[in-house]
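Chemist: File my_file04.json follows (JSON, C-alpha atoms):
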[["chain", "number", "residue", "atom", "x", "y", "z"],
["A", 378, "MET", "CA", 9.48, 19.98, -4.19],
["A", 379, "GLY", "CA", 7.29, 21.56, -1.56],
["A", 380, "LEU", "CA", 10.06, 22.72, 0.72],
["A", 381, "CYS", "CA", 7.78, 23.27, 3.66],
["A", 382, "ALA", "CA", 6.97, 19.61, 3.56],
["A", 383, "LEU", "CA", 10.31, 19.03, 5.19],
["A", 384, "PRO", "CA", 10.06, 18.57, 8.94],
["A", 385, "ARG", "CA", 10.58, 21.78, 10.84],
["A", 386, "ARG", "CA", 12.04, 20.90, 14.17],
["A", 387, "PHE", "CA", 10.60, 23.85, 16.04],
["A", 388, "GLY", "CA", 7.50, 24.59, 13.99],
["A", 389, "GLY", "CA", 6.87, 28.23, 13.18],
["A", 390, "PRO", "CA", 6.36, 29.89, 9.79],
["A", 391, "CYS", "CA", 7.78, 28.40, 6.63],
["A", 392, "PRO", "CA", 11.15, 30.00, 5.89],
["A", 393, "PHE", "CA", 10.68, 29.52, 2.16],
["A", 394, "GLY", "CA", 7.58, 31.64, 1.79],
["A", 395, "GLY", "CA", 4.55, 29.50, 2.36],
["A", 396, "LEU", "CA", 4.74, 26.52, 0.02],
["A", 397, "LYS", "CA", 2.20, 24.08, 1.31],
["A", 398, "ARG", "CA", 3.30, 20.95, 3.13],
["A", 399, "VAL", "CA", 0.57, 18.94, 1.42],
["A", 400, "ALA", "CA", 2.75, 19.05, -1.68],
["A", 401, "LEU", "CA", 5.23, 16.49, -0.37],
["A", 402, "HIS", "CA", 3.36, 13.30, -1.20],
["A", 403, "HIS", "CA", 2.40, 14.59, -4.64],
["A", 404, "ASP", "CA", 5.97, 15.65, -5.32],
["A", 405, "LEU", "CA", 7.31, 12.29, -4.20],
["A", 406, "LEU", "CA", 4.91, 10.44, -6.45],
["A", 407, "HIS", "CA", 5.87, 12.61, -9.40],
["A", 408, "GLN", "CA", 9.53, 12.06, -8.59],
["A", 409, "ALA", "CA", 9.07, 8.29, -8.41],
["A", 410, "ARG", "CA", 7.89, 8.19, -12.01],
["A", 411, "GLN", "CA", 10.74, 10.46, -13.08],
["A", 412, "LEU", "CA", 13.27, 8.14, -11.42],
["A", 413, "ALA", "CA", 11.76, 5.06, -13.05],
["A", 414, "THR", "CA", 12.10, 6.65, -16.49],
["A", 415, "HIS", "CA", 15.32, 8.53, -15.83],
["A", 416, "GLU", "CA", 17.52, 6.45, -18.17],
["A", 417, "PRO", "CA", 15.84, 6.14, -21.58],
["A", 418, "ARG", "CA", 17.40, 2.80, -22.53],
["A", 419, "ARG", "CA", 18.95, 0.71, -19.78],
["A", 420, "PRO", "CA", 17.58, 1.78, -16.42],
["A", 421, "LYS", "CA", 20.04, 1.68, -13.56],
["A", 422, "GLN", "CA", 19.08, -0.44, -10.59],
["A", 423, "ALA", "CA", 19.80, 2.59, -8.39],
["A", 424, "SER", "CA", 17.15, 4.65, -10.21],
["A", 425, "LEU", "CA", 14.57, 1.86, -10.13],
["A", 426, "ARG", "CA", 15.18, 1.14, -6.46],
["A", 427, "ARG", "CA", 14.91, 4.82, -5.54],
["A", 428, "ALA", "CA", 11.69, 5.02, -7.57],
["A", 429, "VAL", "CA", 10.14, 2.18, -5.56],
["A", 430, "SER", "CA", 11.23, 3.70, -2.28],
["A", 431, "THR", "CA", 9.98, 7.14, -3.28],
["A", 432, "ALA", "CA", 6.60, 5.79, -4.37],
["A", 433, "TYR", "CA", 6.20, 4.06, -1.02],
["A", 434, "TYR", "CA", 7.02, 7.22, 0.88],
["A", 435, "ALA", "CA", 4.51, 9.15, -1.22],
["A", 436, "LEU", "CA", 1.74, 6.90, 0.09],
["A", 437, "PHE", "CA", 3.21, 6.87, 3.60],
["A", 438, "HIS", "CA", 3.23, 10.67, 3.77],
["A", 439, "LEU", "CA", -0.24, 10.97, 2.29],
["A", 440, "LEU", "CA", -1.71, 8.73, 4.98],
["A", 441, "THR", "CA", 0.25, 10.10, 7.94],
["A", 442, "LEU", "CA", -0.57, 13.66, 6.89],
["A", 443, "GLU", "CA", -4.26, 12.80, 6.62],
["A", 444, "ALA", "CA", -4.21, 11.10, 9.99],
["A", 445, "THR", "CA", -2.46, 13.85, 11.90],
["A", 446, "ASP", "CA", -4.40, 16.66, 10.23],
["A", 447, "ARG", "CA", -7.64, 14.97, 11.24],
["A", 448, "MET", "CA", -6.65, 13.97, 14.74],
["A", 449, "ILE", "CA", -5.03, 17.25, 15.72],
["A", 450, "THR", "CA", -6.67, 20.41, 14.45],
["A", 451, "GLY", "CA", -5.75, 24.02, 15.05],
["A", 452, "HIS", "CA", -3.28, 26.41, 13.45],
["A", 453, "ASN", "CA", -0.97, 26.48, 16.44],
["A", 454, "ARG", "CA", -0.48, 22.69, 16.56],
["A", 455, "ASP", "CA", 2.07, 22.22, 13.76],
["A", 456, "SER", "CA", 4.79, 20.97, 16.09],
["A", 457, "LEU", "CA", 2.43, 18.48, 17.69],
["A", 458, "ARG", "CA", 1.27, 17.24, 14.30],
["A", 459, "LEU", "CA", 4.85, 16.77, 13.16],
["A", 460, "ALA", "CA", 5.70, 14.95, 16.38],
["A", 461, "MET", "CA", 2.71, 12.70, 15.91],
["A", 462, "ARG", "CA", 3.77, 11.86, 12.35],
["A", 463, "ARG", "CA", 7.00, 10.53, 13.82],
["A", 464, "ALA", "CA", 4.95, 8.17, 15.97],
["A", 465, "PHE", "CA", 3.78, 6.07, 13.01],
["A", 466, "ASP", "CA", 5.87, 2.96, 12.66],
["A", 467, "HIS", "CA", 6.19, 1.20, 9.35],
["A", 468, "VAL", "CA", 5.80, -2.35, 10.62],
["A", 469, "GLY", "CA", 2.67, -1.49, 12.56],
["A", 470, "MET", "CA", 1.16, 0.25, 9.56],
["A", 471, "LYS", "CA", 1.82, -2.77, 7.37],
["A", 472, "GLU", "CA", 0.25, -5.11, 9.92],
["A", 473, "ALA", "CA", -2.81, -2.88, 10.13],
["A", 474, "CYS", "CA", -3.19, -2.84, 6.35],
["A", 475, "LYS", "CA", -2.83, -6.62, 6.18],
["A", 476, "GLU", "CA", -5.69, -6.97, 8.66],
["A", 477, "ILE", "CA", -7.86, -4.77, 6.48],
["A", 478, "VAL", "CA", -7.12, -6.74, 3.33],
["A", 479, "LYS", "CA", -7.79, -10.15, 4.88],
["A", 480, "PRO", "CA", -11.02, -11.71, 3.56],
["A", 481, "ASN", "CA", -12.58, -11.89, 7.01],
["A", 482, "ALA", "CA", -11.77, -8.53, 8.56],
["A", 483, "ARG", "CA", -14.19, -9.13, 11.43],
["A", 484, "ARG", "CA", -12.45, -6.99, 14.01],
["A", 485, "LEU", "CA", -12.36, -4.07, 11.62],
["A", 486, "SER", "CA", -16.00, -4.37, 10.62],
["A", 487, "ARG", "CA", -16.93, -4.24, 14.32],
["A", 488, "CYS", "CA", -15.57, -0.71, 14.23],
["A", 489, "MET", "CA", -17.62, 0.22, 11.17],
["A", 490, "ALA", "CA", -21.09, -0.62, 12.43],
["A", 491, "ASN", "CA", -20.62, -4.19, 11.18],
["A", 492, "GLN", "CA", -20.03, -3.10, 7.60],
["A", 493, "SER", "CA", -17.24, -4.81, 5.73],
["A", 494, "PRO", "CA", -14.41, -2.66, 4.46],
["A", 495, "SER", "CA", -15.05, -1.58, 0.89],
["A", 496, "VAL", "CA", -13.06, -2.88, -2.05],
["A", 497, "THR", "CA", -11.68, 0.63, -2.45],
["A", 498, "LEU", "CA", -10.36, 0.73, 1.11],
["A", 499, "LYS", "CA", -8.86, -2.73, 0.67],
["A", 500, "LYS", "CA", -7.08, -1.56, -2.47],
["A", 501, "VAL", "CA", -5.50, 1.34, -0.60],
["A", 502, "ALA", "CA", -4.42, -0.98, 2.21],
["A", 503, "ASP", "CA", -3.16, -3.65, -0.20],
["A", 504, "THR", "CA", -1.13, -1.06, -2.09],
["A", 505, "PHE", "CA", 0.46, 0.06, 1.17],
["A", 506, "VAL", "CA", 1.48, -3.52, 1.98],
["A", 507, "ALA", "CA", 2.77, -4.17, -1.54],
["A", 508, "LEU", "CA", 4.77, -0.97, -1.70],
["A", 509, "GLN", "CA", 6.26, -1.29, 1.77],
["A", 510, "GLN", "CA", 7.45, -4.78, 0.90],
["A", 511, "ALA", "CA", 8.84, -3.61, -2.44],
["A", 512, "ARG", "CA", 10.53, -0.70, -0.71],
["A", 513, "HIS", "CA", 12.13, -3.08, 1.78],
["A", 514, "GLU", "CA", 13.50, -5.17, -1.09],
["A", 515, "ALA", "CA", 14.59, -2.09, -3.02],
["A", 516, "ASP", "CA", 16.52, -0.71, -0.08],
["A", 517, "TYR", "CA", 17.95, -3.89, 1.45],
["A", 518, "ASP", "CA", 17.72, -6.94, -0.81],
["A", 519, "LEU", "CA", 20.55, -6.91, -3.32],
["A", 520, "PHE", "CA", 19.52, -10.33, -4.66],
["A", 521, "ARG", "CA", 16.35, -8.82, -6.13],
["A", 522, "THR", "CA", 16.51, -7.28, -9.57],
["A", 523, "PHE", "CA", 13.89, -4.71, -10.47],
["A", 524, "THR", "CA", 12.72, -4.09, -14.02],
["A", 525, "ARG", "CA", 11.28, -0.89, -15.41],
["A", 526, "SER", "CA", 7.85, -2.38, -16.15],
["A", 527, "GLU", "CA", 7.68, -3.82, -12.68],
["A", 528, "VAL", "CA", 8.61, -0.51, -11.07],
["A", 529, "LEU", "CA", 6.27, 1.55, -13.26],
["A", 530, "THR", "CA", 3.47, -0.81, -12.28],
["A", 531, "LEU", "CA", 4.28, -0.26, -8.60],
["A", 532, "VAL", "CA", 4.34, 3.51, -9.11],
["A", 533, "GLY", "CA", 1.04, 3.23, -10.98],
["A", 534, "GLN", "CA", -0.41, 1.31, -8.05],
["A", 535, "VAL", "CA", 0.36, 4.23, -5.76],
["A", 536, "GLU", "CA", -1.11, 6.70, -8.24],
["A", 537, "ARG", "CA", -4.30, 4.68, -8.23],
["A", 538, "ALA", "CA", -4.24, 4.43, -4.42],
["A", 539, "PHE", "CA", -4.18, 8.25, -4.30],
["A", 540, "LEU", "CA", -7.36, 8.31, -6.41],
["A", 541, "TYR", "CA", -9.00, 5.58, -4.36],
["A", 542, "TRP", "CA", -8.17, 7.45, -1.19],
["A", 543, "LYS", "CA", -9.75, 10.61, -2.57],
["A", 544, "ALA", "CA", -12.91, 8.64, -3.29],
["A", 545, "ILE", "CA", -13.31, 7.29, 0.25],
["A", 546, "SER", "CA", -11.54, 9.90, 2.34],
["A", 547, "LYS", "CA", -14.79, 11.31, 3.71],
["A", 548, "ASP", "CA", -16.17, 7.93, 4.77],
["A", 549, "VAL", "CA", -16.02, 6.45, 8.25],
["A", 550, "GLU", "CA", -13.87, 3.58, 7.02],
["A", 551, "ALA", "CA", -11.16, 6.05, 6.01],
["A", 552, "ASP", "CA", -11.06, 7.29, 9.60],
["A", 553, "VAL", "CA", -10.91, 3.71, 10.84],
["A", 554, "LEU", "CA", -7.94, 3.00, 8.57],
["A", 555, "LEU", "CA", -6.11, 6.09, 9.84],
["A", 556, "VAL", "CA", -6.74, 5.13, 13.46],
["A", 557, "ALA", "CA", -5.64, 1.57, 12.72],
["A", 558, "LEU", "CA", -2.37, 2.81, 11.20],
["A", 559, "LEU", "CA", -1.49, 4.42, 14.51],
["A", 560, "ALA", "CA", -3.17, 2.14, 17.03],
["A", 561, "HIS", "CA", -3.45, -1.12, 15.09],
["A", 562, "ARG", "CA", -2.57, -3.44, 17.93],
["A", 563, "GLY", "CA", -5.24, -2.08, 20.18],
["A", 564, "LEU", "CA", -7.77, -1.87, 17.41],
["A", 565, "PHE", "CA", -7.39, -5.36, 16.04],
["A", 566, "ARG", "CA", -6.58, -7.42, 19.09],
["A", 567, "GLN", "CA", -8.43, -5.74, 21.87],
["A", 568, "LEU", "CA", -9.56, -2.17, 22.05],
["A", 569, "THR", "CA", -7.18, -0.44, 24.39],
["A", 570, "ALA", "CA", -7.82, 2.80, 26.17],
["A", 571, "ILE", "CA", -6.12, 4.89, 23.49],
["A", 572, "SER", "CA", -7.86, 3.38, 20.50],
["A", 573, "LEU", "CA", -11.20, 3.50, 22.28],
["A", 574, "TRP", "CA", -10.58, 7.12, 23.17],
["A", 575, "LEU", "CA", -9.60, 7.89, 19.58],
["A", 576, "ILE", "CA", -12.69, 6.23, 18.18],
["A", 577, "ARG", "CA", -14.96, 8.02, 20.64],
["A", 578, "PHE", "CA", -13.22, 11.28, 19.86],
["A", 579, "LEU", "CA", -13.61, 10.74, 16.13],
["A", 580, "CYS", "CA", -17.28, 9.97, 16.53],
["A", 581, "ARG", "CA", -17.89, 13.05, 18.60],
["A", 582, "TYR", "CA", -15.79, 15.29, 16.38],
["A", 583, "PRO", "CA", -15.78, 13.72, 12.92],
["A", 584, "LEU", "CA", -12.56, 14.17, 11.03],
["A", 585, "THR", "CA", -14.33, 14.76, 7.77],
["A", 586, "LYS", "CA", -17.49, 16.62, 6.99],
["A", 587, "PRO", "CA", -19.98, 15.48, 6.09],
["A", 588, "LEU", "CA", -19.73, 11.84, 7.12],
["A", 589, "SER", "CA", -21.72, 9.65, 4.82],
["A", 590, "THR", "CA", -23.12, 7.41, 7.51],
["A", 591, "SER", "CA", -23.94, 7.87, 11.13],
["A", 592, "CYS", "CA", -21.20, 6.71, 13.42],
["A", 593, "ARG", "CA", -22.01, 4.03, 15.94],
["A", 594, "LEU", "CA", -18.49, 3.08, 16.78],
["A", 595, "PRO", "CA", -18.56, 3.42, 20.56],
["A", 596, "VAL", "CA", -21.51, 1.06, 20.73],
["A", 597, "ASP", "CA", -20.11, -1.51, 18.34],
["A", 598, "CYS", "CA", -16.52, -1.40, 19.42],
["A", 599, "LYS", "CA", -16.79, -2.40, 23.02],
["A", 600, "PRO", "CA", -13.69, -4.31, 23.98],
["B", 736, "MET", "CA", 2.21, -27.80, 1.92],
["B", 737, "PRO", "CA", 2.00, -27.07, -1.82],
["B", 738, "ASP", "CA", 5.23, -26.06, -3.55],
["B", 739, "VAL", "CA", 6.26, -23.71, -6.34],
["B", 740, "ALA", "CA", 5.72, -26.34, -9.06],
["B", 741, "GLN", "CA", 2.15, -26.99, -7.95],
["B", 742, "LEU", "CA", 1.33, -23.31, -7.85],
["B", 743, "LYS", "CA", 2.91, -22.74, -11.25],
["B", 744, "SER", "CA", 0.82, -25.55, -12.69],
["B", 745, "GLU", "CA", -2.31, -24.02, -11.16],
["B", 746, "LEU", "CA", -1.48, -20.59, -12.58],
["B", 747, "GLU", "CA", -0.72, -21.96, -16.03],
["B", 748, "GLY", "CA", -4.27, -23.29, -16.15],
["B", 749, "LEU", "CA", -5.75, -19.79, -15.78],
["B", 750, "GLN", "CA", -7.16, -17.93, -18.77],
["B", 751, "PHE", "CA", -6.93, -14.18, -19.29],
["B", 752, "PRO", "CA", -7.79, -11.73, -22.09],
["B", 753, "VAL", "CA", -4.05, -11.42, -22.74],
["B", 754, "PRO", "CA", -1.61, -14.29, -22.55],
["B", 755, "VAL", "CA", 0.71, -14.57, -19.56],
["B", 756, "LYS", "CA", 3.97, -15.67, -21.19],
["B", 757, "THR", "CA", 5.31, -17.24, -18.05],
["B", 758, "TRP", "CA", 5.01, -17.14, -14.28],
["B", 759, "GLU", "CA", 7.93, -16.58, -11.96],
["B", 760, "ILE", "CA", 7.37, -17.63, -8.38],
["B", 761, "ASP", "CA", 9.32, -17.22, -5.19],
["B", 762, "MET", "CA", 8.47, -18.27, -1.65],
["B", 763, "GLY", "CA", 9.82, -17.02, 1.66],
["B", 764, "SER", "CA", 9.22, -14.59, 4.48],
["B", 765, "ASP", "CA", 8.41, -10.97, 3.87],
["B", 766, "SER", "CA", 9.80, -7.97, 5.74],
["B", 767, "THR", "CA", 7.46, -8.55, 8.68],
["B", 768, "GLY", "CA", 8.26, -12.27, 8.88],
["B", 769, "ASP", "CA", 5.02, -13.58, 7.39],
["B", 770, "GLU", "CA", 5.07, -16.56, 5.03],
["B", 771, "SER", "CA", 4.71, -15.07, 1.57],
["B", 772, "ILE", "CA", 4.65, -15.84, -2.11],
["B", 773, "TRP", "CA", 5.89, -13.54, -4.85],
["B", 774, "VAL", "CA", 4.34, -14.09, -8.25],
["B", 775, "TRP", "CA", 5.59, -12.26, -11.35],
["B", 776, "ALA", "CA", 3.30, -12.40, -14.36],
["B", 777, "VAL", "CA", 5.38, -11.90, -17.48],
["B", 778, "LEU", "CA", 3.38, -10.17, -20.22],
["B", 779, "ASP", "CA", 4.11, -9.00, -23.75],
["B", 780, "ASP", "CA", 5.82, -5.62, -23.91],
["B", 781, "ALA", "CA", 2.78, -4.21, -25.70],
["B", 782, "GLU", "CA", 0.72, -4.71, -22.56],
["B", 783, "PHE", "CA", 2.75, -1.98, -20.84],
["B", 784, "ALA", "CA", 2.28, 0.64, -23.56],
["B", 785, "ASP", "CA", -0.99, 2.08, -22.27],
["B", 786, "GLU", "CA", -1.21, 1.95, -18.49],
["B", 787, "ASN", "CA", -4.87, 2.92, -18.30],
["B", 788, "LYS", "CA", -5.89, 0.04, -20.54],
["B", 789, "ALA", "CA", -3.56, -2.34, -18.72],
["B", 790, "TRP", "CA", -5.02, -1.94, -15.24],
["B", 791, "PRO", "CA", -8.25, -3.94, -15.68],
["B", 792, "ILE", "CA", -6.21, -6.89, -16.92],
["B", 793, "ARG", "CA", -3.63, -6.55, -14.17],
["B", 794, "ASP", "CA", -6.43, -6.43, -11.59],
["B", 795, "GLN", "CA", -7.93, -9.57, -13.10],
["B", 796, "ILE", "CA", -4.59, -11.37, -12.97],
["B", 797, "HIS", "CA", -3.94, -10.14, -9.43],
["B", 798, "ASP", "CA", -7.30, -11.43, -8.16],
["B", 799, "ALA", "CA", -6.96, -14.72, -10.01],
["B", 800, "VAL", "CA", -3.53, -15.35, -8.49],
["B", 801, "LEU", "CA", -4.89, -14.62, -5.01],
["B", 802, "ASN", "CA", -7.77, -17.02, -5.54],
["B", 803, "ALA", "CA", -5.45, -19.71, -6.90],
["B", 804, "VAL", "CA", -3.19, -19.43, -3.86],
["B", 805, "ARG", "CA", -6.18, -19.59, -1.50],
["B", 806, "ARG", "CA", -7.53, -22.65, -3.32],
["B", 807, "LEU", "CA", -4.20, -24.40, -3.10],
["B", 808, "PHE", "CA", -3.08, -23.44, 0.40],
["B", 809, "LYS", "CA", -6.56, -23.20, 1.95],
["B", 810, "GLU", "CA", -6.52, -21.85, 5.53],
["B", 811, "ARG", "CA", -2.70, -21.76, 5.55],
["B", 812, "SER", "CA", -2.65, -19.34, 2.67],
["B", 813, "PRO", "CA", 0.44, -17.11, 2.72],
["B", 814, "TRP", "CA", 0.50, -13.43, 1.83],
["B", 815, "VAL", "CA", 0.75, -12.91, -1.92],
["B", 816, "TYR", "CA", 2.68, -10.23, -3.77],
["B", 817, "VAL", "CA", 1.74, -10.03, -7.45],
["B", 818, "ARG", "CA", 4.04, -8.13, -9.77],
["B", 819, "PHE", "CA", 4.37, -7.67, -13.52],
["B", 820, "ARG", "CA", 7.26, -7.77, -15.94],
["B", 821, "ALA", "CA", 7.64, -7.42, -19.70],
["B", 822, "VAL", "CA", 8.97, -10.30, -21.82],
["B", 823, "SER", "CA", 11.96, -8.23, -22.97],
["B", 824, "GLU", "CA", 13.00, -7.83, -19.33],
["B", 825, "VAL", "CA", 13.22, -11.55, -18.71],
["B", 826, "PRO", "CA", 16.50, -12.75, -20.24],
["B", 827, "ALA", "CA", 15.43, -16.36, -20.78],
["B", 828, "LEU", "CA", 12.39, -15.26, -22.79],
["B", 829, "SER", "CA", 13.77, -12.27, -24.65],
["B", 830, "GLU", "CA", 16.56, -14.35, -26.17],
["B", 831, "VAL", "CA", 14.11, -16.81, -27.76]]
Spell out the structure here as structure tokens.

Modeler:
Amino acid sequence: MGLCALPRRFGGPCPFGGLKRVALHHDLLHQARQLATHEPRRPKQASLRRAVSTAYYALFHLLTLEATDRMITGHNRDSLRLAMRRAFDHVGMKEACKEIVKPNARRLSRCMANQSPSVTLKKVADTFVALQQARHEADYDLFRTFTRSEVLTLVGQVERAFLYWKAISKDVEADVLLVALLAHRGLFRQLTAISLWLIRFLCRYPLTKPLSTSCRLPVDCKP
Amino acid sequence: MPDVAQLKSELEGLQFPVPVKTWEIDMGSDSTGDESIWVWAVLDDAEFADENKAWPIRDQIHDAVLNAVRRLFKERSPWVYVRFRAVSEVPALSEV
């Protein structure tokens, strides 16, 4: 595992010699598959449940890392980035993703120059919802029984979401998703000061280069 | 409000490139309190052998289930979680 992926309370250099923190989500995803196939014959519920939970956290860490790395740049901002990653709340992220998946994501499209979210973005968001729900059941619902095929399919969904994310990560809609994950309530109900500031900031200083389309968010996202 | 039996009947009328052996359905609230439906499509074990080949079919089943729920529940459509299981993992079917 990428040891430096572990939160470092006070920031500073990696004590383990510079392993990159970006490895965490990849390592978690790899570990999820290992857990799901750990017992060759009769998988233990504990292994399957941990696999589901681990796959969810792989996607969670991918998205929160992307968001914080884009919103806060600079080599001397590690502590701030880590603090910001703690600000993401799971329920809010799920609600944001549900809004994106809904057939008529009108509020979201307002923030993307009236373009609808792509199928690819919806698949990433749908996977987040599906995995968070599965993780909730895996961790808390003892009435549910998981099967290996079911769990491997869930892990496969996250693997595909990683690829989908890579395909759209430079697009404006990827930035909108990341903002929504943090400021979903403001973004979807009524643009609050923080979400409006974030969107304006993102448009002035794009998170990804080059952006595929020109950004007209401040004009189209008036509250 | 449609029930599990109605949804199961709707799903059993769907056609796919591979047969869905049976549908398992559950209704309730999800972790965020939204009305939800869980649908498990039970497929032959062979359909899980090659994951890359399996995805187009799983996507097709996923989308068809979503559309079926929207048709049935209309504007009150709940959130849908579609999952997949192999026949050998479903005791009632594997014993046949």

Chemist: Atom CA of Val822 of chain B and atom CA of His415 of chain A, how far apart in Å?

Modeler: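 About the pair atom CA of His415 of chain A and atom CA of Val822 of chain B: they are 20.8 Å apart.
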
Chemist: Around all the atoms of segment 783-788 of chain B listed in the file, draw an axis-aligned box and extend it by 4 Å on each of the six sides; I want its centre and edge lengths in Å to one decimal, as AutoDock Vina command-line options.

Modeler:
--center_x -1.6 --center_y 0.5 --center_z -20.9 --size_x 16.6 --size_y 12.9 --size_z 13.3

Chemist: Name all residues at most 8 Å from segment 741-748 of chain B (count only C-alpha atoms; drop same-chain ones fewer than 3 positions away) and give them as a PyMOL selection string.

Modeler: chain B and resi 737-738+757-760+800+803-804+807

Chemist: Print the selection's residues with C-alpha atoms to a file, as a CSV table (one decimal), in the coordinates of the input.

Modeler:
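Output below, filename result08.csv:
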chain,number,residue,atom,x,y,z
B,737,PRO,CA,2.0,-27.1,-1.8
B,738,ASP,CA,5.2,-26.1,-3.6
B,757,THR,CA,5.3,-17.2,-18.0
B,758,TRP,CA,5.0,-17.1,-14.3
B,759,GLU,CA,7.9,-16.6,-12.0
B,760,ILE,CA,7.4,-17.6,-8.4
B,800,VAL,CA,-3.5,-15.4,-8.5
B,803,ALA,CA,-5.4,-19.7,-6.9
B,804,VAL,CA,-3.2,-19.4,-3.9
B,807,LEU,CA,-4.2,-24.4,-3.1

Chemist: Ranking B:Asp779, B:Asp769, B:Asp785, B:Asp794 by minimum distance to Trp814 of chain B and counting all atoms listed in the file, which one comes first?

Modeler: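 Checking each candidate against Trp814 of chain B, we get B:Asp769 as the closest.
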
Chemist: Of the candidates A:Glu536, A:Arg521, A:Gln411, A:Phe505, which one gets nearest to Asp761 of chain B if we count all atoms listed in the file?

Modeler: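 Under the stated criterion, the closest residue is A:Arg521.
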
Chemist: Under the rule that all atoms listed in the file are counted, which of B:Ile796, B:Val777, B:Val817, B:Ala740 is the nearest residue to Pro752 of chain B?

Modeler: B:Ile796

Chemist: Which distance in Å separates atom CA of Pro754 of chain B and atom CA of Asp798 of chain B, to one decimal?

Modeler: 15.7 Å

Chemist: Quick one: which residues from chain B are at most 7 Å off chain A, using all atoms listed in the file, as a ChimeraX atom specification?

Modeler: /B:765-767,783,816,818-821,824
